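Data from coords-v6.cif: mmCIF, C-alpha atoms (C1' of nucleotides)
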```cif
data_entry
loop_
_atom_site.label_atom_id
_atom_site.label_comp_id
_atom_site.auth_asym_id
_atom_site.auth_seq_id
_atom_site.Cartn_x
_atom_site.Cartn_y
_atom_site.Cartn_z
CA MET A 1 12.62 -10.69 -2.20
CA SER A 2 11.04 -9.62 1.08
CA SER A 3 7.44 -8.53 1.28
CA ASN A 4 5.50 -7.23 -1.65
CA PRO A 5 4.04 -3.75 -2.19
CA MET A 6 1.11 -5.51 -3.83
CA LEU A 7 0.33 -6.98 -0.44
CA LYS A 8 -1.33 -3.72 0.53
CA GLY A 9 -5.01 -4.28 0.85
CA THR A 10 -4.84 -8.06 0.83
CA LEU A 11 -3.05 -8.78 4.09
CA GLN A 12 -6.21 -8.60 6.18
CA THR A 13 -7.97 -10.94 3.81
CA ILE A 14 -5.10 -13.42 3.93
CA ILE A 15 -5.14 -13.41 7.73
CA LEU A 16 -8.91 -13.80 7.95
CA LYS A 17 -8.91 -16.60 5.43
CA LEU A 18 -6.22 -18.54 7.30
CA LEU A 19 -8.19 -18.14 10.52
CA GLU A 20 -11.34 -19.26 8.80
CA ASP A 21 -9.64 -22.51 7.86
CA ASN A 22 -7.70 -22.97 11.10
CA SER A 23 -9.59 -22.59 14.36
CA GLN A 24 -6.70 -20.85 16.07
CA MET A 25 -3.31 -19.54 15.07
CA TYR A 26 -0.69 -17.26 16.56
CA GLY A 27 1.12 -14.52 14.70
CA TYR A 28 4.37 -16.27 14.09
CA GLU A 29 2.48 -19.33 12.92
CA ILE A 30 0.54 -17.27 10.39
CA ALA A 31 3.76 -15.85 8.98
CA GLN A 32 5.26 -19.33 8.71
CA LYS A 33 2.14 -20.67 7.05
CA VAL A 34 2.15 -17.93 4.41
CA LYS A 35 5.83 -18.52 3.72
CA GLU A 36 5.20 -22.24 3.43
CA ILE A 37 2.18 -22.00 1.14
CA THR A 38 3.92 -19.53 -1.18
CA THR A 39 7.26 -21.36 -1.02
CA GLY A 40 8.89 -18.25 0.37
CA ASP A 41 7.57 -15.85 -2.24
CA ILE A 42 5.39 -13.93 0.18
CA VAL A 43 6.99 -13.10 3.50
CA LEU A 44 4.93 -11.23 6.07
CA THR A 45 7.11 -8.74 7.86
CA GLU A 46 6.42 -8.37 11.56
CA GLY A 47 5.84 -4.64 11.17
CA ALA A 48 2.95 -5.43 8.85
CA LEU A 49 1.61 -8.56 10.49
CA TYR A 50 1.27 -7.54 14.13
CA PRO A 51 -0.39 -4.16 13.53
CA ALA A 52 -2.78 -5.87 11.11
CA LEU A 53 -3.70 -8.46 13.74
CA HIS A 54 -4.21 -5.75 16.35
CA LYS A 55 -6.44 -3.82 14.01
CA LEU A 56 -8.57 -6.84 13.17
CA GLU A 57 -8.93 -7.52 16.87
CA ALA A 58 -9.86 -3.89 17.59
CA GLU A 59 -12.51 -4.13 14.87
CA GLY A 60 -13.95 -7.23 16.49
CA LEU A 61 -13.13 -9.55 13.60
CA LEU A 62 -10.62 -11.51 15.65
CA GLU A 63 -10.42 -12.40 19.32
CA THR A 64 -7.38 -13.53 21.29
CA PHE A 65 -6.18 -15.63 24.16
CA THR A 66 -2.68 -16.34 25.36
CA GLU A 67 -0.89 -19.51 26.25
CA ILE A 68 2.52 -20.14 27.71
CA VAL A 69 4.50 -22.67 25.71
CA ASP A 70 8.11 -23.45 26.59
CA ASN A 71 8.05 -20.53 28.96
CA ARG A 72 7.23 -18.16 26.08
CA VAL A 73 3.99 -16.29 25.54
CA ARG A 74 1.92 -17.20 22.55
CA LYS A 75 -0.99 -15.00 21.54
CA TYR A 76 -3.57 -17.04 19.72
CA TYR A 77 -6.14 -15.52 17.41
CA ARG A 78 -9.59 -16.84 16.57
CA ILE A 79 -12.04 -15.50 14.04
CA THR A 80 -15.23 -14.07 15.53
CA GLU A 81 -18.73 -14.44 14.17
CA GLN A 82 -18.46 -10.95 12.70
CA GLY A 83 -15.09 -11.87 11.23
CA GLY A 84 -16.69 -14.89 9.60
CA LYS A 85 -19.15 -12.64 7.81
CA GLU A 86 -16.47 -10.17 6.79
CA VAL A 87 -14.16 -12.77 5.31
CA THR A 88 -16.81 -13.81 2.80
CA ASP A 89 -17.12 -10.25 1.53
CA LYS A 90 -13.38 -9.73 1.46
CA LEU A 91 -12.84 -12.95 -0.46
CA ASN A 92 -15.39 -11.90 -3.04
CA GLU A 93 -13.68 -8.53 -3.37
CA ALA A 94 -10.31 -10.20 -3.76
CA ARG A 95 -11.68 -12.65 -6.30
CA LEU A 96 -13.13 -9.80 -8.34
CA PHE A 97 -9.95 -7.78 -8.13
CA VAL A 98 -7.78 -10.70 -9.20
CA ASN A 99 -10.04 -11.34 -12.17
CA GLN A 100 -9.99 -7.71 -13.27
CA LEU A 101 -6.25 -7.51 -12.81
CA GLN A 102 -5.77 -10.59 -14.93
CA LEU A 103 -7.95 -9.03 -17.58
CA LEU A 104 -5.98 -5.78 -17.52
CA LEU A 105 -2.61 -7.48 -17.57
CA ASN A 106 -3.55 -10.33 -19.88
CA LEU A 107 -2.40 -12.76 -17.25
CA LYS A 108 -5.25 -15.20 -17.64
CA PRO A 109 -3.67 -18.52 -18.52
CA ASN A 110 -5.28 -20.06 -21.58
CA THR A 111 -7.88 -22.33 -20.03
CA ILE A 112 -7.35 -25.19 -22.44
CA MET B 1 -17.52 2.24 -7.38
CA SER B 2 -14.31 4.11 -6.84
CA SER B 3 -10.82 2.78 -6.77
CA ASN B 4 -9.63 -0.21 -4.84
CA PRO B 5 -7.13 -0.26 -1.95
CA MET B 6 -5.80 -3.45 -3.54
CA LEU B 7 -4.71 -1.30 -6.44
CA LYS B 8 -1.65 -0.22 -4.50
CA GLY B 9 1.40 -1.55 -6.18
CA THR B 10 -0.34 -2.57 -9.37
CA LEU B 11 -1.28 0.78 -10.88
CA GLN B 12 2.14 1.32 -12.47
CA THR B 13 2.02 -2.15 -13.96
CA ILE B 14 -1.46 -1.54 -15.37
CA ILE B 15 -0.35 1.71 -16.99
CA LEU B 16 2.82 0.22 -18.45
CA LYS B 17 0.95 -2.77 -19.81
CA LEU B 18 -1.64 -0.60 -21.54
CA LEU B 19 1.13 1.47 -23.08
CA GLU B 20 2.92 -1.65 -24.19
CA ASP B 21 -0.16 -2.70 -26.13
CA ASN B 22 -1.12 0.77 -27.37
CA SER B 23 1.60 2.87 -28.94
CA GLN B 24 0.30 6.07 -27.37
CA MET B 25 -2.37 7.02 -24.89
CA TYR B 26 -3.29 10.06 -22.84
CA GLY B 27 -4.25 10.01 -19.19
CA TYR B 28 -7.96 10.37 -19.57
CA GLU B 29 -7.93 7.67 -22.21
CA ILE B 30 -6.11 5.28 -19.89
CA ALA B 31 -8.71 5.82 -17.20
CA GLN B 32 -11.52 5.21 -19.67
CA LYS B 33 -9.84 2.08 -20.98
CA VAL B 34 -9.46 0.62 -17.50
CA LYS B 35 -13.09 1.39 -16.71
CA GLU B 36 -14.16 -0.20 -19.96
CA ILE B 37 -12.08 -3.37 -19.59
CA THR B 38 -13.22 -3.93 -16.02
CA THR B 39 -16.82 -2.93 -16.77
CA GLY B 40 -16.56 -0.16 -14.23
CA ASP B 41 -15.17 -2.24 -11.39
CA ILE B 42 -11.82 -0.50 -11.37
CA VAL B 43 -11.92 3.27 -11.62
CA LEU B 44 -8.64 5.15 -11.63
CA THR B 45 -8.98 8.34 -9.65
CA GLU B 46 -7.17 11.32 -11.10
CA GLY B 47 -5.24 11.83 -7.88
CA ALA B 48 -3.74 8.39 -8.35
CA LEU B 49 -3.40 8.33 -12.13
CA TYR B 50 -1.66 11.62 -12.90
CA PRO B 51 1.00 11.40 -10.18
CA ALA B 52 1.69 7.81 -11.26
CA LEU B 53 2.16 8.92 -14.87
CA HIS B 54 4.46 11.75 -13.79
CA LYS B 55 6.52 9.35 -11.71
CA LEU B 56 6.88 6.86 -14.54
CA GLU B 57 7.98 9.70 -16.80
CA ALA B 58 10.47 10.96 -14.22
CA GLU B 59 11.90 7.45 -13.99
CA GLY B 60 12.33 7.32 -17.75
CA LEU B 61 9.83 4.52 -18.30
CA LEU B 62 7.45 6.77 -20.19
CA GLU B 63 7.93 9.76 -22.47
CA THR B 64 5.41 12.40 -23.43
CA PHE B 65 4.32 14.76 -26.13
CA THR B 66 1.33 17.04 -26.31
CA GLU B 67 -1.28 17.65 -28.96
CA ILE B 68 -4.08 20.14 -29.23
CA VAL B 69 -7.37 18.51 -30.04
CA ASP B 70 -10.57 20.54 -30.13
CA ASN B 71 -8.69 23.42 -28.60
CA ARG B 72 -7.84 21.27 -25.56
CA VAL B 73 -4.42 20.00 -24.54
CA ARG B 74 -3.82 16.31 -24.64
CA LYS B 75 -0.68 14.87 -23.10
CA TYR B 76 0.20 11.63 -24.78
CA TYR B 77 2.41 9.01 -23.19
CA ARG B 78 4.61 6.45 -24.89
CA ILE B 79 6.56 3.63 -23.32
CA THR B 80 10.34 3.99 -23.59
CA GLU B 81 12.85 1.24 -24.29
CA GLN B 82 13.62 1.11 -20.58
CA GLY B 83 9.91 0.98 -19.84
CA GLY B 84 9.58 -1.96 -22.17
CA LYS B 85 12.12 -3.89 -20.15
CA GLU B 86 10.54 -2.93 -16.84
CA VAL B 87 7.06 -3.98 -17.87
CA THR B 88 8.22 -7.53 -18.44
CA ASP B 89 9.60 -7.74 -14.92
CA LYS B 90 6.56 -6.10 -13.42
CA LEU B 91 4.20 -8.44 -15.25
CA ASN B 92 6.13 -11.44 -13.99
CA GLU B 93 5.95 -10.08 -10.47
CA ALA B 94 2.21 -9.47 -10.81
CA ARG B 95 1.67 -12.92 -12.27
CA LEU B 96 3.54 -14.51 -9.37
CA PHE B 97 1.68 -12.44 -6.82
CA VAL B 98 -1.71 -13.26 -8.29
CA ASN B 99 -0.86 -16.96 -8.26
CA GLN B 100 0.31 -16.89 -4.66
CA LEU B 101 -2.72 -14.88 -3.62
CA GLN B 102 -5.01 -17.38 -5.26
CA LEU B 103 -3.21 -20.16 -3.42
CA LEU B 104 -3.54 -18.37 -0.10
CA LEU B 105 -7.19 -17.49 -0.59
CA ASN B 106 -8.22 -20.70 -2.35
CA LEU B 107 -9.48 -18.61 -5.23
CA LYS B 108 -8.12 -20.81 -7.99
CA PRO B 109 -11.09 -21.84 -10.10
CA ASN B 110 -11.14 -25.57 -10.69
CA THR B 111 -9.34 -25.89 -13.99
CA ILE B 112 -11.66 -28.50 -15.44
"C1'" DA C 1 -28.32 28.53 -18.98
"C1'" DA C 2 -26.93 24.63 -16.54
"C1'" DA C 3 -25.06 20.24 -16.37
"C1'" DT C 4 -22.11 16.77 -18.09
"C1'" DA C 5 -18.05 15.14 -20.46
"C1'" DT C 6 -13.43 15.91 -21.73
"C1'" DA C 7 -8.73 16.96 -20.07
"C1'" DC C 8 -5.22 18.40 -17.28
"C1'" DC C 9 -3.21 19.29 -12.43
"C1'" DT C 10 -1.92 19.39 -7.25
"C1'" DA C 11 -2.31 19.61 -2.09
"C1'" DA C 12 -3.87 17.60 2.24
"C1'" DT C 13 -4.86 13.48 4.24
"C1'" DA C 14 -5.02 8.53 5.27
"C1'" DA C 15 -3.82 3.77 4.93
"C1'" DA C 16 -0.76 0.37 5.09
"C1'" DG C 17 3.12 -1.23 4.07
"C1'" DT C 18 8.96 -1.41 5.01
"C1'" DT C 19 12.85 -0.83 7.82
"C1'" DA C 20 14.84 -0.80 12.05
"C1'" DT C 21 14.93 -1.63 16.72
"C1'" DG C 22 13.83 -3.73 21.18
"C1'" DT C 23 12.84 -7.60 24.52
"C1'" DA C 24 13.31 -12.40 25.78
"C1'" DA C 25 13.55 -17.46 25.89
"C1'" DT C 26 15.08 -21.80 23.50
"C1'" DA C 27 17.75 -24.44 20.30
"C1'" DA C 28 21.51 -25.16 17.30
"C1'" DA C 29 26.08 -24.43 15.79
"C1'" DT C 30 30.95 -23.34 16.26
"C1'" DA D 1 30.98 -22.29 26.44
"C1'" DT D 2 29.69 -18.76 23.61
"C1'" DT D 3 27.76 -17.11 19.59
"C1'" DT D 4 24.10 -17.43 16.27
"C1'" DA D 5 19.60 -18.74 14.74
"C1'" DT D 6 14.86 -19.62 15.76
"C1'" DT D 7 10.79 -18.73 18.20
"C1'" DA D 8 7.59 -14.99 19.68
"C1'" DC D 9 5.99 -10.78 20.78
"C1'" DA D 10 5.88 -5.47 20.01
"C1'" DT D 11 6.43 -0.55 18.38
"C1'" DA D 12 8.33 3.78 16.22
"C1'" DA D 13 10.03 6.30 12.21
"C1'" DC D 14 9.63 6.42 7.59
"C1'" DT D 15 7.96 5.76 2.77
"C1'" DT D 16 4.91 4.80 -0.70
"C1'" DT D 17 0.77 5.31 -2.74
"C1'" DA D 18 -3.69 5.65 -2.72
"C1'" DT D 19 -8.26 8.76 -1.51
"C1'" DT D 20 -10.52 13.02 -1.09
"C1'" DA D 21 -11.11 17.41 -2.45
"C1'" DG D 22 -10.26 21.29 -4.91
"C1'" DG D 23 -8.82 24.08 -9.06
"C1'" DT D 24 -8.69 25.44 -14.28
"C1'" DA D 25 -10.67 25.28 -18.83
"C1'" DT D 26 -13.16 23.91 -23.27
"C1'" DA D 27 -16.88 21.37 -25.68
"C1'" DT D 28 -21.14 19.15 -25.77
"C1'" DT D 29 -25.61 17.91 -24.28
"C1'" DT D 30 -30.01 18.87 -21.95
#
```
Would you encode the structure as structure tokens?
Amino acid sequence: MSSNPMLKGTLQTIILKLLEDNSQMYGYEIAQKVKEITTGDIVLTEGALYPALHKLEAEGLLETFTEIVDNRVRKYYRITEQGGKEVTDKLNEARLFVNQLQLLLNLKPNTI
Amino acid sequence: MSSNPMLKGTLQTIILKLLEDNSQMYGYEIAQKVKEITTGDIVLTEGALYPALHKLEAEGLLETFTEIVDNRVRKYYRITEQGGKEVTDKLNEARLFVNQLQLLLNLKPNTI
DNA sequence: AAATATACCTAATAAAGTTATGTAATAAAT
DNA sequence: ATTTATTACATAACTTTATTAGGTATATTT
């Protein structure tokens, strides 16, 4: 099933949201977390994940620090103050989009 | 407020779904319908809409015929049998994606 | 007469994925 | 003991698919 074309535009929001809820995470951990939460339905490919992290860092929404664990480098990411503001907006956008998409596709489950 | 980057990957599904519910529609009508349903939140740009329609036609999921109304050409689209099968799959995919996204972003409204 | 709405189209550009490849250490399996 | 899988990072080539911008043309409204 691999990664989804529908992911486009939401990957940044997913990353920011995870880092809003978890004080620090490294790339691989983020990918594992997404796989776990979605029971394998959404898999973040490395070619999407790492460039997205770099971009968010370049934009000042994330900051990094490295640690050596088991002789391997881990690059941890933290959300910045600016990132904290952005994530609120992006979540609202995503919420709106999901609602409109559900309207368009008649996906809204009957709220009994 | 213009089209959404999150639209990527869902535009085809939106078009197919509308043409599943309406026996025939023309491009401009589809754009109007989407604007109407989403109260203007999702606007299909022509540069996205027309190429998407052409692609779906080329793939055999849609078929077309033209009519002259008020001395202007209208190109109507109909969903094909193959398109009917595809739309079911695409809707399931979209449903799954929306659910997983809501999980990831904690967007699920409390189902009271 | 000018502006807006209707109705189609495409080309250049940009964004953001996928696919493939590379490096390197540790852990598990044969 | 050696191969394979997992952990962990990264980037380049490619593809898809949208945005932006431009073009044509008729009908309607201001």
* stretch 16-33 of chain B environment, 9 Å, only C-alpha atoms (C1' of nucleotides), sequence neighbours closer than 2 positions dropped, as an NGL selection string -> (:A and (104-106)) or (:B and (11-14 or 35-38 or 43-46 or 49-50 or 53 or 56 or 61-62 or 74-79 or 83-84 or 86-88 or 90-91)) or (:C and (6-8))
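Listed by chain and then by number, the residues chosen by the PyMOL selection byres ((chain A) within 6 of (chain B)) in this file are Pro5, Met6, Gly9, Thr38 and Gln100 of chain A.
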* Using the chain letters and numbers from the file, which residues does the PyMOL selection byres ((chain D and resi 5) around 10) grab, as a PyMOL selection string? -> (chain C and resi 27-29) or (chain D and resi 3-4+6-7)
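For the pair atom CA of A:Gly60 and atom CA of A:Gln82, the interatomic distance is 7.0 Å.
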Please find the residues of chain D near chain B - the criterion being any atom within 8 Å, counting only C-alpha atoms (C1' of nucleotides) - and write them as a short mmCIF file (atom, residue, chain, number, x, y, z; two decimals) with C-alpha atoms (C1' of nucleotides), keeping the file's coordinate frame.
```
data_model
loop_
_atom_site.label_atom_id
_atom_site.label_comp_id
_atom_site.auth_asym_id
_atom_site.auth_seq_id
_atom_site.Cartn_x
_atom_site.Cartn_y
_atom_site.Cartn_z
"C1'" DT D 17 0.77 5.31 -2.74
"C1'" DA D 18 -3.69 5.65 -2.72
"C1'" DT D 19 -8.26 8.76 -1.51
"C1'" DT D 26 -13.16 23.91 -23.27
"C1'" DA D 27 -16.88 21.37 -25.68
#
```
* To do: Go ahead and compute the interatomic distance for atom C1' of C:DA11 and atom CA of B:Val69, in Å to one decimal.
  => 28.4 Å
* In Å, how far is it from atom C1' of C:DT10 to atom C1' of D:DA25? -> 15.7 Å
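Those residues of chain C that fall within 9 Å of chain A when using only C-alpha atoms (C1' of nucleotides) read DA16, DG17, DT18, DT19, DA24, DA25 and DT26 of chain C.
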* Kindly extract all protein, DNA and RNA residues lying within 9 Å of the coordinates (10.6, 4.3, 12.9) given in the file, considering only C-alpha atoms (C1' of nucleotides), and supply them as a PyMOL selection string. => (chain C and resi 19-21) or (chain D and resi 11-14)
Output C-alpha atoms (C1' of nucleotides) for every residue in that selection, as a PDB file, in the frame of the given file.
```
ATOM      1  C1'  DT C  19      12.850  -0.830   7.820  1.00  0.00           C
ATOM      2  C1'  DA C  20      14.840  -0.800  12.050  1.00  0.00           C
ATOM      3  C1'  DT C  21      14.930  -1.630  16.720  1.00  0.00           C
TER       4       DT C  21
ATOM      5  C1'  DT D  11       6.430  -0.550  18.380  1.00  0.00           C
ATOM      6  C1'  DA D  12       8.330   3.780  16.220  1.00  0.00           C
ATOM      7  C1'  DA D  13      10.030   6.300  12.210  1.00  0.00           C
ATOM      8  C1'  DC D  14       9.630   6.420   7.590  1.00  0.00           C
TER       9       DC D  14
END
```
To test the calculation: enclose all listed atoms of stretch 9-16 of chain B in a box whose edges run along x, y and z, add 8 Å on each side, then state centre and edge lengths in Å to one decimal, as lines of an AutoDock Vina configuration file.
```
center_x = 0.7
center_y = -0.4
center_z = -12.3
size_x = 20.3
size_y = 20.3
size_z = 28.3
```
Name the residues that the PyMOL selection byres ((chain D and resi 23) around 9) pulls out of this structure, and write them as a short mmCIF file (atom, residue, chain, number, x, y, z; two decimals) with C-alpha atoms (C1' of nucleotides), in the frame of the given file.
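What landed in out23.cif:
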```cif
data_model
loop_
_atom_site.label_atom_id
_atom_site.label_comp_id
_atom_site.auth_asym_id
_atom_site.auth_seq_id
_atom_site.Cartn_x
_atom_site.Cartn_y
_atom_site.Cartn_z
"C1'" DC C 9 -3.21 19.29 -12.43
"C1'" DT C 10 -1.92 19.39 -7.25
"C1'" DG D 22 -10.26 21.29 -4.91
"C1'" DT D 24 -8.69 25.44 -14.28
#
```
Starting from the incomplete input, reconstruct N, CA and C atoms of stretch 50-66 of chain A and report them as a compact mmCIF listing (two decimals), in the frame of the given file.
```
# COMPACT_ATOMS: atom_id res chain seq x y z
N TYR A 50 1.80 -7.78 12.79
CA TYR A 50 1.27 -7.54 14.13
C TYR A 50 0.29 -6.36 14.17
N PRO A 51 0.62 -5.24 13.57
CA PRO A 51 -0.39 -4.16 13.53
C PRO A 51 -1.68 -4.59 12.84
N ALA A 52 -1.58 -5.41 11.82
CA ALA A 52 -2.78 -5.87 11.11
C ALA A 52 -3.63 -6.75 12.03
N LEU A 53 -2.97 -7.61 12.79
CA LEU A 53 -3.70 -8.46 13.74
C LEU A 53 -4.38 -7.61 14.81
N HIS A 54 -3.65 -6.62 15.31
CA HIS A 54 -4.21 -5.75 16.35
C HIS A 54 -5.43 -5.00 15.83
N LYS A 55 -5.33 -4.56 14.59
CA LYS A 55 -6.44 -3.82 14.01
C LYS A 55 -7.68 -4.71 13.84
N LEU A 56 -7.45 -5.91 13.36
CA LEU A 56 -8.57 -6.84 13.17
C LEU A 56 -9.22 -7.18 14.51
N GLU A 57 -8.39 -7.26 15.54
CA GLU A 57 -8.93 -7.52 16.87
C GLU A 57 -9.74 -6.31 17.35
N ALA A 58 -9.18 -5.12 17.16
CA ALA A 58 -9.86 -3.89 17.59
C ALA A 58 -11.20 -3.74 16.88
N GLU A 59 -11.28 -4.23 15.65
CA GLU A 59 -12.51 -4.13 14.87
C GLU A 59 -13.50 -5.24 15.20
N GLY A 60 -13.06 -6.16 16.07
CA GLY A 60 -13.95 -7.23 16.49
C GLY A 60 -14.03 -8.40 15.52
N LEU A 61 -13.10 -8.45 14.57
CA LEU A 61 -13.13 -9.55 13.60
C LEU A 61 -12.32 -10.74 14.10
N LEU A 62 -11.40 -10.46 15.01
CA LEU A 62 -10.62 -11.51 15.65
C LEU A 62 -10.71 -11.35 17.16
N GLU A 63 -10.53 -12.47 17.86
CA GLU A 63 -10.42 -12.40 19.32
C GLU A 63 -9.18 -13.20 19.71
N THR A 64 -8.65 -12.92 20.91
CA THR A 64 -7.38 -13.53 21.29
C THR A 64 -7.43 -14.21 22.65
N PHE A 65 -6.46 -15.08 22.83
CA PHE A 65 -6.18 -15.63 24.16
C PHE A 65 -4.72 -16.04 24.15
N THR A 66 -4.11 -16.03 25.31
CA THR A 66 -2.68 -16.34 25.36
C THR A 66 -2.44 -17.68 26.03
```
